[in-house]
$ cat coords06.cif   # mmCIF, C-alpha atoms
data_upload
#
loop_
_atom_site.group_PDB
_atom_site.id
_atom_site.type_symbol
_atom_site.label_atom_id
_atom_site.label_comp_id
_atom_site.auth_asym_id
_atom_site.auth_seq_id
_atom_site.Cartn_x
_atom_site.Cartn_y
_atom_site.Cartn_z
ATOM 1 C CA MET Z 710 126.684 137.857 130.354
ATOM 2 C CA ALA Z 711 129.487 140.125 131.175
ATOM 3 C CA ARG Z 712 131.770 139.303 134.041
ATOM 4 C CA PHE Z 713 132.419 142.006 136.609
ATOM 5 C CA GLU Z 714 136.032 141.850 137.644
ATOM 6 C CA SER Z 715 137.142 143.337 140.909
ATOM 7 C CA LYS Z 716 140.133 145.553 140.601
ATOM 8 C CA PRO Z 717 141.559 146.833 143.885
ATOM 9 C CA LEU Z 718 142.805 150.407 143.911
ATOM 10 C CA ASN Z 719 146.273 149.565 145.216
ATOM 11 C CA PRO Z 720 146.938 145.878 144.458
ATOM 12 C CA SER Z 721 149.744 144.350 146.517
ATOM 13 C CA LYS Z 722 152.340 141.924 145.207
ATOM 14 C CA LEU Z 723 150.657 139.045 147.098
ATOM 15 C CA ASN Z 724 147.268 139.940 145.625
ATOM 16 C CA LYS Z 725 148.679 139.948 142.102
ATOM 17 C CA ALA Z 726 150.479 136.630 142.671
ATOM 18 C CA VAL Z 727 147.361 134.904 144.043
ATOM 19 C CA GLN Z 728 145.284 136.183 141.102
ATOM 20 C CA LYS Z 729 147.805 134.823 138.616
ATOM 21 C CA ASN Z 730 148.287 131.487 140.376
ATOM 22 C CA PRO Z 731 145.553 130.508 142.929
ATOM 23 C CA ALA Z 732 147.547 127.426 144.034
ATOM 24 C CA LEU Z 733 149.826 129.769 146.008
ATOM 25 C CA PHE Z 734 146.965 130.166 148.491
ATOM 26 C CA GLY Z 735 145.324 126.725 148.187
ATOM 27 C CA ILE Z 736 148.325 124.411 148.632
ATOM 28 C CA PRO Z 737 149.510 125.820 151.994
ATOM 29 C CA PHE Z 738 145.919 125.792 153.240
ATOM 30 C CA ILE Z 739 145.428 122.132 152.331
ATOM 31 C CA LEU Z 740 148.827 121.228 153.850
ATOM 32 C CA LEU Z 741 147.800 122.975 157.073
ATOM 33 C CA MET Z 742 144.500 121.031 157.193
ATOM 34 C CA VAL Z 743 146.254 117.666 156.641
ATOM 35 C CA ALA Z 744 148.945 118.383 159.239
ATOM 36 C CA THR Z 745 146.318 119.474 161.766
ATOM 37 C CA SER Z 746 144.353 116.302 161.117
ATOM 38 C CA TYR Z 747 147.374 114.119 161.886
ATOM 39 C CA GLY Z 748 148.253 116.217 164.928
ATOM 40 C CA MET Z 749 144.725 115.999 166.334
ATOM 41 C CA SER Z 750 144.592 112.238 165.792
ATOM 42 C CA THR Z 751 147.121 111.725 168.621
ATOM 43 C CA PHE Z 752 144.986 113.775 171.013
ATOM 44 C CA THR Z 753 141.862 111.927 169.920
ATOM 45 C CA GLN Z 754 143.554 108.563 170.398
ATOM 46 C CA THR Z 755 144.629 109.580 173.906
ATOM 47 C CA ARG Z 756 141.049 110.541 174.699
ATOM 48 C CA TYR Z 757 139.679 107.192 173.557
ATOM 49 C CA ASP Z 758 142.422 105.295 175.394
ATOM 50 C CA LEU Z 759 141.510 107.022 178.665
ATOM 51 C CA HIS Z 760 137.840 106.265 178.127
ATOM 52 C CA ASP Z 761 138.643 102.631 177.367
ATOM 53 C CA HIS Z 762 140.752 102.404 180.541
ATOM 54 C CA LYS Z 763 137.837 103.705 182.642
ATOM 55 C CA VAL Z 764 135.484 101.167 181.100
ATOM 56 C CA LYS Z 765 137.876 98.267 181.721
ATOM 57 C CA GLN Z 766 138.243 98.989 185.447
ATOM 58 C CA LEU Z 767 136.292 96.356 187.365
ATOM 59 C CA THR Z 768 134.826 96.507 190.811
ATOM 60 C CA LYS Z 769 135.407 93.700 193.300
ATOM 61 C CA ALA Z 770 131.855 92.425 192.825
ATOM 62 C CA GLN Z 771 132.367 92.271 189.074
ATOM 63 C CA GLU Z 772 135.699 90.465 189.497
ATOM 64 C CA LEU Z 773 134.089 87.842 191.665
ATOM 65 C CA GLY Z 774 131.189 87.480 189.265
ATOM 66 C CA LEU Z 775 128.478 88.358 191.774
ATOM 67 C CA ASP Z 776 126.482 90.505 189.353
ATOM 68 C CA LYS Z 777 125.979 87.835 186.703
ATOM 69 C CA GLU Z 778 122.507 86.642 187.596
ATOM 70 C CA ARG Z 779 121.336 89.383 189.923
ATOM 71 C CA LYS Z 780 117.868 90.798 189.288
ATOM 72 C CA LYS Z 781 117.218 94.495 189.348
ATOM 73 C CA PHE Z 782 115.633 95.589 192.650
ATOM 74 C CA ASP Z 783 112.031 96.796 192.463
ATOM 75 C CA ILE Z 784 110.330 97.946 195.659
ATOM 76 C CA ARG Z 785 106.832 97.222 194.316
ATOM 77 C CA GLU Z 786 107.767 93.623 193.563
ATOM 78 C CA GLU Z 787 109.168 93.188 197.076
ATOM 79 C CA TYR Z 788 105.997 94.647 198.579
ATOM 80 C CA PHE Z 789 103.799 92.195 196.702
ATOM 81 C CA LYS Z 790 106.082 89.293 197.598
ATOM 82 C CA LEU Z 791 105.860 90.141 201.281
ATOM 83 C CA SER Z 792 102.114 90.690 201.205
ATOM 84 C CA SER Z 793 101.535 87.384 199.423
ATOM 85 C CA GLN Z 794 103.780 85.562 201.921
ATOM 86 C CA ALA Z 795 101.813 87.090 204.783
ATOM 87 C CA ASP Z 796 98.606 85.746 203.235
ATOM 88 C CA GLU Z 797 100.094 82.275 202.807
ATOM 89 C CA ASP Z 798 101.509 82.049 206.324
ATOM 90 C CA TRP Z 799 98.372 83.375 207.974
ATOM 91 C CA GLU Z 800 95.941 80.820 209.256
ATOM 92 C CA PRO Z 801 92.661 81.772 210.916
ATOM 93 C CA LYS Z 802 92.387 80.411 214.455
ATOM 94 C CA ARG Z 803 89.180 80.189 216.401
ATOM 95 C CA ILE Z 804 89.197 81.260 220.000
ATOM 96 C CA GLN Z 805 86.815 80.198 222.702
ATOM 97 C CA ARG Z 806 83.890 82.533 223.236
ATOM 98 C CA PRO Z 807 82.990 83.709 226.704
ATOM 99 C CA LYS Z 808 80.165 81.680 228.238
ATOM 100 C CA GLY Z 809 76.716 82.937 227.415
ATOM 101 C CA LEU Z 810 77.862 84.799 224.267
ATOM 102 C CA PRO Z 811 76.224 83.595 221.055
ATOM 103 C CA GLU Z 812 78.311 82.439 218.074
ATOM 104 C CA TRP Z 813 78.082 85.702 216.165
ATOM 105 C CA GLY Z 814 78.323 88.144 219.035
ATOM 106 C CA VAL Z 815 75.731 90.034 221.039
ATOM 107 C CA PRO Z 816 72.735 91.508 219.217
ATOM 108 C CA PRO Z 817 72.181 95.179 220.001
ATOM 109 C CA THR Z 818 69.618 95.716 222.754
ATOM 110 C CA GLU Z 819 68.559 99.191 221.549
ATOM 111 C CA PRO Z 820 68.162 100.449 218.000
ATOM 112 C CA PRO Z 821 70.719 103.062 216.946
ATOM 113 C CA PRO Z 822 69.665 106.686 217.597
ATOM 114 C CA LYS Z 823 68.231 108.717 214.742
ATOM 115 C CA PRO Z 824 70.245 111.677 213.451
ATOM 116 C CA SER Z 825 67.702 114.154 214.835
ATOM 117 C CA GLU Z 826 68.202 112.785 218.379
ATOM 118 C CA TYR Z 827 71.905 113.669 218.503
ATOM 119 C CA LYS Z 828 72.768 116.498 220.851
ATOM 120 C CA LYS Z 829 74.188 119.638 219.346
ATOM 121 C CA SER Z 830 77.419 120.649 221.052
#
$ encode --input "coords06.cif" --output "structure tokens"
Amino acid sequence: MARFESKPLNPSKLNKAVQKNPALFGIPFILLMVATSYGMSTFTQTRYDLHDHKVKQLTKAQELGLDKERKKFDIREEYFKLSSQADEDWEPKRIQRPKGLPEWGVPPTEPPPKPSEYKKS
């Protein structure tokens, strides 16, 4: 296959030099990338140092070691704890019935009214 070469109409001296020796463009580019990498490493290190400093700051509770064995708070667990304690502490107590009242209360004297007997208001 034939190779199609590009020939600019008015080639400049830089264009001719780069075509003859491509390293004239490549070497400065690679040097720029390496220098930028070393320059950015100082900024990156500063960033990580600041982050590390924030992580190492302790609160007073952490310094005293109060958070070592603390459980995470869950409102549902507390609710069930309280409700189970209420059941355990509760004890049914019998009270004296009024005189003449049977053990299970007073039986109704009249049967309940039927739905058709209710008054419409």
$ residues_around --input "coords06.cif" --residues "Phe734 in chain Z" --least-positions-apart "6" --cutoff "12 Å" --atoms "only C-alpha atoms" --output "ChimeraX atom specification"
/Z:723-728,740-741
$ atom_distance --input "coords06.cif" --atom1 "CA of Arg785 in chain Z" --atom2 "CA of Pro801 in chain Z"
26.7 Å
$ atom_distance --input "coords06.cif" --atom1 "CA of Ile736 in chain Z" --atom2 "CA of Thr755 in chain Z"
29.5 Å
